[in-house]
$ cat entry_18.cif   # mmCIF, N, CA and C atoms
data_model
loop_
_atom_site.label_atom_id
_atom_site.label_comp_id
_atom_site.auth_asym_id
_atom_site.auth_seq_id
_atom_site.Cartn_x
_atom_site.Cartn_y
_atom_site.Cartn_z
N MET A 16 66.51 78.05 120.39
CA MET A 16 65.73 77.08 119.66
C MET A 16 65.46 75.88 120.56
N SER A 17 64.27 75.32 120.52
CA SER A 17 63.90 74.25 121.42
C SER A 17 64.43 72.88 120.99
N HIS A 18 64.84 72.71 119.74
CA HIS A 18 65.32 71.42 119.27
C HIS A 18 66.84 71.40 119.25
N PRO A 19 67.46 70.36 119.82
CA PRO A 19 68.92 70.27 119.76
C PRO A 19 69.36 69.99 118.33
N PRO A 20 70.58 70.40 117.96
CA PRO A 20 71.06 70.17 116.60
C PRO A 20 71.02 68.71 116.17
N THR A 21 71.17 67.76 117.10
CA THR A 21 71.20 66.35 116.73
C THR A 21 69.89 65.88 116.11
N GLU A 22 68.80 66.59 116.34
CA GLU A 22 67.52 66.21 115.74
C GLU A 22 67.60 66.29 114.22
N PHE A 23 68.46 67.13 113.70
CA PHE A 23 68.54 67.35 112.27
C PHE A 23 69.70 66.60 111.63
N ASP A 24 70.37 65.69 112.36
CA ASP A 24 71.54 64.99 111.85
C ASP A 24 71.14 63.67 111.20
N SER A 25 71.14 63.64 109.90
CA SER A 25 70.95 62.40 109.14
C SER A 25 71.66 62.58 107.82
N GLY A 26 72.92 62.21 107.76
CA GLY A 26 73.70 62.37 106.55
C GLY A 26 74.83 63.34 106.76
N ILE A 27 74.54 64.60 106.80
CA ILE A 27 75.54 65.63 107.04
C ILE A 27 75.45 66.05 108.51
N GLU A 28 76.58 66.22 109.15
CA GLU A 28 76.58 66.59 110.57
C GLU A 28 76.25 68.07 110.73
N THR A 29 75.32 68.35 111.62
CA THR A 29 74.95 69.73 111.93
C THR A 29 75.95 70.26 112.95
N LEU A 30 76.68 71.31 112.56
CA LEU A 30 77.65 71.91 113.48
C LEU A 30 76.98 72.91 114.41
N ARG A 31 76.09 73.74 113.83
CA ARG A 31 75.42 74.77 114.63
C ARG A 31 74.05 75.05 114.05
N VAL A 32 73.13 75.47 114.89
CA VAL A 32 71.84 76.01 114.48
C VAL A 32 71.81 77.44 115.00
N VAL A 33 71.68 78.39 114.09
CA VAL A 33 71.78 79.81 114.46
C VAL A 33 70.61 80.59 113.87
N PRO A 34 70.31 81.75 114.46
CA PRO A 34 69.28 82.60 113.85
C PRO A 34 69.82 83.25 112.57
N TYR A 35 68.91 83.64 111.70
CA TYR A 35 69.31 84.36 110.49
C TYR A 35 69.82 85.74 110.89
N TYR A 36 71.04 86.06 110.52
CA TYR A 36 71.60 87.38 110.79
C TYR A 36 72.72 87.63 109.79
N GLY A 37 73.08 88.88 109.61
CA GLY A 37 74.21 89.24 108.75
C GLY A 37 74.16 88.60 107.38
N LYS A 38 75.27 87.96 107.01
CA LYS A 38 75.37 87.37 105.67
C LYS A 38 74.36 86.24 105.48
N HIS A 39 74.05 85.49 106.55
CA HIS A 39 73.07 84.41 106.41
C HIS A 39 71.71 84.98 106.00
N ALA A 40 71.29 86.05 106.63
CA ALA A 40 70.01 86.67 106.29
C ALA A 40 70.01 87.14 104.84
N ARG A 41 71.09 87.74 104.41
CA ARG A 41 71.19 88.24 103.03
C ARG A 41 71.11 87.09 102.03
N TYR A 42 71.88 86.03 102.26
CA TYR A 42 71.87 84.91 101.32
C TYR A 42 70.53 84.18 101.32
N PHE A 43 69.88 84.06 102.46
CA PHE A 43 68.59 83.38 102.48
C PHE A 43 67.49 84.22 101.84
N ARG A 44 67.58 85.53 101.90
CA ARG A 44 66.62 86.37 101.14
C ARG A 44 66.77 86.10 99.65
N MET A 45 68.02 86.00 99.19
CA MET A 45 68.29 85.70 97.77
C MET A 45 67.80 84.29 97.41
N ALA A 46 68.07 83.31 98.27
CA ALA A 46 67.65 81.94 98.01
C ALA A 46 66.13 81.83 97.96
N ARG A 47 65.44 82.59 98.81
CA ARG A 47 63.97 82.61 98.78
C ARG A 47 63.48 83.13 97.43
N ALA A 48 64.11 84.19 96.93
CA ALA A 48 63.72 84.74 95.63
C ALA A 48 63.97 83.73 94.51
N VAL A 49 65.07 83.00 94.58
CA VAL A 49 65.37 81.97 93.58
C VAL A 49 64.34 80.85 93.65
N SER A 50 63.92 80.47 94.84
CA SER A 50 62.95 79.37 94.99
C SER A 50 61.62 79.70 94.33
N GLU A 51 61.29 80.98 94.22
CA GLU A 51 60.03 81.39 93.58
C GLU A 51 60.03 81.07 92.09
N GLU A 52 61.20 80.83 91.51
CA GLU A 52 61.30 80.47 90.09
C GLU A 52 61.02 78.99 89.85
N SER A 53 60.92 78.21 90.91
CA SER A 53 60.69 76.77 90.78
C SER A 53 59.33 76.50 90.16
N LEU A 54 59.32 75.63 89.17
CA LEU A 54 58.07 75.20 88.54
C LEU A 54 57.61 73.86 89.09
N TYR A 55 58.40 73.30 89.99
CA TYR A 55 58.08 72.01 90.59
C TYR A 55 56.89 72.18 91.52
N GLU A 56 55.88 71.33 91.38
CA GLU A 56 54.65 71.51 92.13
C GLU A 56 54.77 71.14 93.60
N GLY A 57 55.63 70.18 93.93
CA GLY A 57 55.68 69.69 95.30
C GLY A 57 56.34 70.62 96.29
N TYR A 58 57.56 71.01 96.02
CA TYR A 58 58.33 71.83 96.94
C TYR A 58 59.05 72.93 96.19
N HIS A 59 59.24 74.05 96.84
CA HIS A 59 59.99 75.16 96.24
C HIS A 59 61.29 75.34 97.02
N HIS A 60 62.39 74.97 96.39
CA HIS A 60 63.71 75.10 96.99
C HIS A 60 64.52 76.08 96.16
N GLY A 61 65.42 76.79 96.82
CA GLY A 61 66.37 77.65 96.13
C GLY A 61 67.74 77.43 96.73
N ALA A 62 68.78 77.46 95.89
CA ALA A 62 70.14 77.25 96.38
C ALA A 62 71.09 78.26 95.74
N LEU A 63 72.09 78.67 96.51
CA LEU A 63 73.12 79.58 96.05
C LEU A 63 74.48 78.95 96.27
N LEU A 64 75.38 79.14 95.33
CA LEU A 64 76.77 78.75 95.47
C LEU A 64 77.54 80.02 95.80
N VAL A 65 78.20 80.06 96.95
CA VAL A 65 78.86 81.27 97.44
C VAL A 65 80.33 80.96 97.72
N LYS A 66 81.20 81.86 97.28
CA LYS A 66 82.63 81.72 97.58
C LYS A 66 83.23 83.12 97.69
N GLY A 67 83.97 83.35 98.75
CA GLY A 67 84.61 84.64 98.95
C GLY A 67 83.63 85.79 99.07
N GLY A 68 82.43 85.52 99.57
CA GLY A 68 81.43 86.56 99.74
C GLY A 68 80.65 86.89 98.48
N SER A 69 80.93 86.20 97.37
CA SER A 69 80.23 86.45 96.11
C SER A 69 79.32 85.28 95.76
N ILE A 70 78.14 85.59 95.26
CA ILE A 70 77.22 84.56 94.79
C ILE A 70 77.63 84.21 93.36
N LEU A 71 78.03 82.96 93.15
CA LEU A 71 78.55 82.53 91.86
C LEU A 71 77.50 81.88 90.99
N SER A 72 76.50 81.25 91.62
CA SER A 72 75.47 80.54 90.88
C SER A 72 74.24 80.40 91.75
N ALA A 73 73.08 80.27 91.13
CA ALA A 73 71.83 80.09 91.86
C ALA A 73 70.92 79.18 91.04
N SER A 74 70.08 78.42 91.74
CA SER A 74 69.17 77.52 91.04
C SER A 74 67.99 77.15 91.93
N PRO A 75 66.78 77.05 91.34
CA PRO A 75 65.65 76.45 92.05
C PRO A 75 65.64 74.95 91.76
N ASN A 76 64.79 74.21 92.49
CA ASN A 76 64.61 72.80 92.13
C ASN A 76 63.76 72.71 90.87
N ARG A 77 63.90 71.60 90.15
CA ARG A 77 63.19 71.41 88.89
C ARG A 77 62.64 69.99 88.82
N GLY A 78 61.71 69.77 87.91
CA GLY A 78 61.22 68.42 87.65
C GLY A 78 62.09 67.76 86.60
N GLY A 79 61.89 66.49 86.35
CA GLY A 79 62.66 65.78 85.34
C GLY A 79 63.72 64.88 85.94
N LEU A 80 64.64 64.44 85.10
CA LEU A 80 65.70 63.52 85.51
C LEU A 80 67.03 64.24 85.63
N CYS A 81 67.80 63.88 86.64
CA CYS A 81 69.12 64.47 86.85
C CYS A 81 70.17 63.38 86.66
N SER A 82 70.75 63.31 85.47
CA SER A 82 71.70 62.24 85.18
C SER A 82 72.98 62.38 86.01
N PHE A 83 73.45 63.61 86.25
CA PHE A 83 74.67 63.80 87.04
C PHE A 83 74.46 63.33 88.47
N GLY A 84 73.33 63.68 89.06
CA GLY A 84 73.04 63.30 90.44
C GLY A 84 72.73 61.82 90.60
N SER A 85 72.39 61.14 89.50
CA SER A 85 71.99 59.73 89.61
C SER A 85 73.10 58.84 90.14
N ARG A 86 74.36 59.20 89.90
CA ARG A 86 75.45 58.35 90.42
C ARG A 86 75.57 58.43 91.94
N PHE A 87 74.96 59.45 92.54
CA PHE A 87 74.98 59.60 94.00
C PHE A 87 73.64 59.25 94.63
N TYR A 88 72.70 58.81 93.81
CA TYR A 88 71.34 58.52 94.27
C TYR A 88 71.32 57.17 94.97
N PRO A 89 71.04 57.10 96.27
CA PRO A 89 71.16 55.86 97.03
C PRO A 89 69.96 54.93 96.95
N TYR A 90 68.90 55.33 96.30
CA TYR A 90 67.66 54.55 96.34
C TYR A 90 67.56 53.62 95.14
N LYS A 91 66.83 52.55 95.32
CA LYS A 91 66.67 51.55 94.26
C LYS A 91 65.46 51.81 93.38
N LYS A 92 64.57 52.68 93.80
CA LYS A 92 63.38 52.92 93.01
C LYS A 92 63.25 54.39 92.68
N GLY A 93 62.53 54.67 91.64
CA GLY A 93 62.31 56.05 91.24
C GLY A 93 63.50 56.64 90.51
N SER A 94 63.38 57.90 90.17
CA SER A 94 64.44 58.60 89.45
C SER A 94 64.83 59.85 90.21
N PRO A 95 66.12 60.18 90.21
CA PRO A 95 66.55 61.41 90.89
C PRO A 95 66.13 62.64 90.09
N THR A 96 65.62 63.62 90.79
CA THR A 96 65.25 64.88 90.15
C THR A 96 66.33 65.92 90.42
N PRO A 97 66.41 66.95 89.59
CA PRO A 97 67.43 67.99 89.82
C PRO A 97 67.07 68.87 91.02
N HIS A 98 67.66 68.57 92.14
CA HIS A 98 67.46 69.38 93.34
C HIS A 98 68.19 70.71 93.17
N ALA A 99 67.79 71.70 93.94
CA ALA A 99 68.38 73.03 93.84
C ALA A 99 69.88 73.01 94.11
N GLU A 100 70.32 72.18 95.07
CA GLU A 100 71.73 72.11 95.41
C GLU A 100 72.58 71.66 94.22
N ILE A 101 72.06 70.69 93.48
CA ILE A 101 72.77 70.18 92.30
C ILE A 101 72.71 71.21 91.18
N GLY A 102 71.56 71.84 91.00
CA GLY A 102 71.41 72.84 89.94
C GLY A 102 72.40 73.99 90.06
N CYS A 103 72.72 74.39 91.29
CA CYS A 103 73.61 75.54 91.45
C CYS A 103 75.08 75.20 91.20
N ILE A 104 75.43 73.91 91.13
CA ILE A 104 76.82 73.54 90.84
C ILE A 104 77.02 73.03 89.42
N LEU A 105 75.92 72.69 88.73
CA LEU A 105 76.05 72.19 87.36
C LEU A 105 76.63 73.27 86.45
N GLY A 106 77.61 72.89 85.66
CA GLY A 106 78.22 73.82 84.72
C GLY A 106 79.28 74.73 85.33
N VAL A 107 79.54 74.56 86.62
CA VAL A 107 80.54 75.37 87.30
C VAL A 107 81.81 74.53 87.46
N ASP A 108 82.94 75.07 87.08
CA ASP A 108 84.21 74.35 87.15
C ASP A 108 84.54 73.95 88.59
N ARG A 109 85.16 72.79 88.74
CA ARG A 109 85.51 72.29 90.07
C ARG A 109 86.46 73.23 90.81
N SER A 110 87.31 73.95 90.09
CA SER A 110 88.21 74.90 90.75
C SER A 110 87.42 76.01 91.44
N VAL A 111 86.21 76.26 90.98
CA VAL A 111 85.35 77.28 91.58
C VAL A 111 84.56 76.68 92.75
N THR A 112 84.07 75.46 92.60
CA THR A 112 83.25 74.86 93.66
C THR A 112 84.07 74.39 94.85
N THR A 113 85.35 74.10 94.65
CA THR A 113 86.20 73.64 95.74
C THR A 113 86.32 74.73 96.81
N GLY A 114 85.93 74.39 98.03
CA GLY A 114 86.00 75.32 99.14
C GLY A 114 84.81 76.26 99.26
N ALA A 115 83.83 76.13 98.38
CA ALA A 115 82.67 77.03 98.39
C ALA A 115 81.64 76.60 99.43
N THR A 116 80.64 77.44 99.62
CA THR A 116 79.52 77.18 100.52
C THR A 116 78.24 77.19 99.71
N VAL A 117 77.33 76.26 100.00
CA VAL A 117 76.02 76.24 99.37
C VAL A 117 74.98 76.61 100.42
N TYR A 118 74.12 77.57 100.09
CA TYR A 118 72.99 77.95 100.93
C TYR A 118 71.75 77.39 100.26
N VAL A 119 70.93 76.66 101.00
CA VAL A 119 69.72 76.07 100.43
C VAL A 119 68.53 76.30 101.36
N CYS A 120 67.39 76.67 100.76
CA CYS A 120 66.18 76.87 101.55
C CYS A 120 64.99 76.20 100.89
N ARG A 121 64.03 75.86 101.71
CA ARG A 121 62.73 75.37 101.24
C ARG A 121 61.71 76.39 101.69
N VAL A 122 60.84 76.78 100.78
CA VAL A 122 59.83 77.79 101.10
C VAL A 122 58.46 77.13 101.06
N GLY A 123 57.73 77.27 102.15
CA GLY A 123 56.39 76.68 102.27
C GLY A 123 55.36 77.47 101.49
N LYS A 124 54.15 76.97 101.48
CA LYS A 124 53.06 77.61 100.73
C LYS A 124 52.72 79.00 101.25
N GLN A 125 53.00 79.24 102.53
CA GLN A 125 52.74 80.56 103.11
C GLN A 125 53.92 81.50 102.96
N GLY A 126 54.99 81.06 102.27
CA GLY A 126 56.17 81.89 102.09
C GLY A 126 57.17 81.81 103.22
N ASP A 127 56.96 80.86 104.15
CA ASP A 127 57.86 80.72 105.30
C ASP A 127 58.94 79.68 105.01
N PHE A 128 60.07 79.82 105.68
CA PHE A 128 61.15 78.84 105.54
C PHE A 128 60.77 77.54 106.23
N ARG A 129 61.12 76.44 105.59
CA ARG A 129 60.90 75.11 106.12
C ARG A 129 62.23 74.36 106.14
N LEU A 130 62.26 73.21 106.81
CA LEU A 130 63.48 72.41 106.89
C LEU A 130 63.92 71.97 105.49
N SER A 131 65.18 72.24 105.16
CA SER A 131 65.71 71.94 103.84
C SER A 131 67.09 71.30 103.91
N LYS A 132 67.25 70.36 104.81
CA LYS A 132 68.53 69.67 104.94
C LYS A 132 68.80 68.86 103.69
N PRO A 133 70.00 68.95 103.11
CA PRO A 133 70.30 68.21 101.88
C PRO A 133 70.17 66.70 102.05
N CYS A 134 69.64 66.05 101.02
CA CYS A 134 69.49 64.59 101.02
C CYS A 134 70.84 63.93 100.74
N GLU A 135 70.88 62.61 100.81
CA GLU A 135 72.12 61.86 100.59
C GLU A 135 72.68 62.09 99.18
N MET A 136 71.81 62.17 98.18
CA MET A 136 72.26 62.41 96.82
C MET A 136 72.96 63.76 96.72
N CYS A 137 72.37 64.78 97.29
CA CYS A 137 72.96 66.12 97.22
C CYS A 137 74.26 66.19 98.01
N VAL A 138 74.29 65.58 99.19
CA VAL A 138 75.52 65.57 99.99
C VAL A 138 76.65 64.90 99.22
N GLY A 139 76.37 63.75 98.60
CA GLY A 139 77.39 63.05 97.81
C GLY A 139 77.88 63.87 96.63
N THR A 140 76.95 64.53 95.96
CA THR A 140 77.30 65.36 94.80
C THR A 140 78.14 66.56 95.23
N LEU A 141 77.73 67.23 96.30
CA LEU A 141 78.47 68.41 96.77
C LEU A 141 79.86 68.04 97.24
N ARG A 142 79.99 66.91 97.92
CA ARG A 142 81.32 66.44 98.33
C ARG A 142 82.19 66.18 97.10
N TYR A 143 81.62 65.55 96.09
CA TYR A 143 82.35 65.19 94.88
C TYR A 143 82.97 66.41 94.21
N VAL A 144 82.24 67.53 94.21
CA VAL A 144 82.75 68.73 93.54
C VAL A 144 83.53 69.65 94.48
N GLY A 145 83.72 69.23 95.74
CA GLY A 145 84.58 69.97 96.65
C GLY A 145 83.95 71.06 97.47
N VAL A 146 82.61 71.12 97.52
CA VAL A 146 81.95 72.12 98.37
C VAL A 146 82.32 71.83 99.81
N ARG A 147 82.64 72.87 100.57
CA ARG A 147 83.13 72.71 101.94
C ARG A 147 82.03 72.76 102.98
N ARG A 148 81.08 73.71 102.83
CA ARG A 148 80.03 73.89 103.84
C ARG A 148 78.67 73.98 103.17
N VAL A 149 77.65 73.61 103.94
CA VAL A 149 76.27 73.78 103.51
C VAL A 149 75.53 74.47 104.64
N VAL A 150 74.73 75.46 104.30
CA VAL A 150 73.88 76.16 105.27
C VAL A 150 72.45 75.99 104.77
N TRP A 151 71.56 75.44 105.61
CA TRP A 151 70.20 75.19 105.15
C TRP A 151 69.18 75.77 106.13
N SER A 152 68.00 76.04 105.59
CA SER A 152 66.92 76.57 106.43
C SER A 152 66.39 75.47 107.34
N VAL A 153 66.08 75.85 108.58
CA VAL A 153 65.48 74.93 109.55
C VAL A 153 64.03 75.31 109.76
N ASP A 154 63.79 76.58 110.02
CA ASP A 154 62.44 77.11 110.17
C ASP A 154 62.51 78.60 109.84
N GLU A 155 61.47 79.32 110.16
CA GLU A 155 61.42 80.74 109.81
C GLU A 155 62.47 81.58 110.54
N ASN A 156 62.98 81.09 111.65
CA ASN A 156 63.90 81.88 112.46
C ASN A 156 65.33 81.36 112.52
N HIS A 157 65.57 80.13 112.06
CA HIS A 157 66.88 79.50 112.23
C HIS A 157 67.39 78.82 110.96
N CYS A 158 68.71 78.80 110.85
CA CYS A 158 69.37 78.02 109.80
C CYS A 158 70.41 77.14 110.47
N ALA A 159 70.81 76.07 109.79
CA ALA A 159 71.80 75.15 110.32
C ALA A 159 73.02 75.17 109.42
N ILE A 160 74.18 74.94 110.01
CA ILE A 160 75.45 74.95 109.28
C ILE A 160 76.08 73.58 109.42
N GLY A 161 76.50 73.02 108.30
CA GLY A 161 77.17 71.72 108.30
C GLY A 161 78.40 71.75 107.42
N ARG A 162 79.36 70.89 107.75
CA ARG A 162 80.59 70.79 106.98
C ARG A 162 80.62 69.45 106.25
N LEU A 163 81.05 69.48 105.01
CA LEU A 163 81.15 68.25 104.22
C LEU A 163 82.52 67.65 104.33
#
$ encode --input "entry_18.cif" --output "structure tokens"
Amino acid sequence: MSHPPTEFDSGIETLRVVPYYGKHARYFRMARAVSEESLYEGYHHGALLVKGGSILSASPNRGGLCSFGSRFYPYKKGSPTPHAEIGCILGVDRSVTTGATVYVCRVGKQGDFRLSKPCEMCVGTLRYVGVRRVVWSVDENHCAIGRL
């Protein structure tokens, strides 16, 4: 990849940028399918909550207000919307989310993967519920791995 991992560091530290292979490829195929369920007009994101090799929860991004995420929302204007990362942990017990991994992707209009690094609100929320790692799409060929 031509871009060093530090280009993508704003909030969560990028540990590695790797090509899609093995379990990453499988989970991102599933996340892409979940993102197709998004009714949000702007962006189509899909997220999976994974622990012990099993997919425990999945969610696309949605429109509206996210009251749970609002406590982690760092901005003074606007309202937080339910991002896919938050949707996949809502309603899941903390004993399940502790130590889990979240896979999140953004799918462009042509069906290609786009950069989907979690925002500050999502990072704060995922840390709060004990998620250990996040893997996000960088482009059509690479994903990035970060630790919370």
$ atom_distance --input "entry_18.cif" --atom1 "atom N of Arg109 (chain A)" --atom2 "CA of Arg31 (chain A)"
27.7 Å
$ closest_residue --input "entry_18.cif" --among "A:Ala159, A:Ala48, A:Leu30, A:Val149" --to "Thr116 (chain A)" --atoms "only N, CA and C atoms"
A:Val149
$ resolve_selection --input "entry_18.cif" --expression "the PyMOL selection byres ((chain A and resi 142-147) around 6)" --output "NGL selection string"
:A and (109 or 112-116 or 137-141 or 148-149 or 161-163)
$ atom_distance --input "entry_18.cif" --atom1 "CA of Tyr118 (chain A)" --atom2 "atom N of Ala99 (chain A)"
10.7 Å
$ atom_distance --input "entry_18.cif" --atom1 "CA of Phe43 (chain A)" --atom2 "CA of Lys66 (chain A)"
15.0 Å
$ residues_around --input "entry_18.cif" --residues "Ser74 (chain A)" --least-positions-apart "2" --cutoff "8 Å" --atoms "only N, CA and C atoms" --output "PyMOL selection string"
chain A and resi 46+49-50+52-53+60-64+72+76-77+98-104
$ residues_around --input "entry_18.cif" --residues "Arg121 (chain A)" --least-positions-apart "3" --cutoff "5 Å" --atoms "all atoms listed in the file" --output "compact mmCIF listing (two decimals) with N, CA and C atoms, keeping the file's coordinate frame"
# COMPACT_ATOMS: atom_id res chain seq x y z
N HIS A 59 59.24 74.05 96.84
CA HIS A 59 59.99 75.16 96.24
C HIS A 59 61.29 75.34 97.02
N HIS A 60 62.39 74.97 96.39
CA HIS A 60 63.71 75.10 96.99
C HIS A 60 64.52 76.08 96.16
N PHE A 128 60.07 79.82 105.68
CA PHE A 128 61.15 78.84 105.54
C PHE A 128 60.77 77.54 106.23
N ARG A 129 61.12 76.44 105.59
CA ARG A 129 60.90 75.11 106.12
C ARG A 129 62.23 74.36 106.14
N SER A 131 65.18 72.24 105.16
CA SER A 131 65.71 71.94 103.84
C SER A 131 67.09 71.30 103.91
$ residues_around --input "entry_18.cif" --residues "Lys132 (chain A)" --least-positions-apart "5" --cutoff "8 Å" --atoms "only N, CA and C atoms" --output "number ranges by chain"
A: 23, 27, 119-121, 138, 150-153
$ select_by_dssp --input "entry_18.cif" --residues "region 22-146 of chain A" --states "helix (DSSP H, G or I)" --output "ChimeraX atom specification"
/A:22-23,37-50,82-85,99-102,109-112,135-143
$ resolve_selection --input "entry_18.cif" --expression "the PyMOL selection byres (((chain A and resi 68 and name CA) around 10) and name CA)" --output "PyMOL selection string"
chain A and resi 38+42+65-67+69-71+115-116
$ axis_aligned_box --input "entry_18.cif" --around "region 156-162 of chain A" --padding-each-side "8 Å" --output "lines of an AutoDock Vina configuration file"
center_x = 71.8
center_y = 75.7
center_z = 109.4
size_x = 33.6
size_y = 28.4
size_z = 22.3
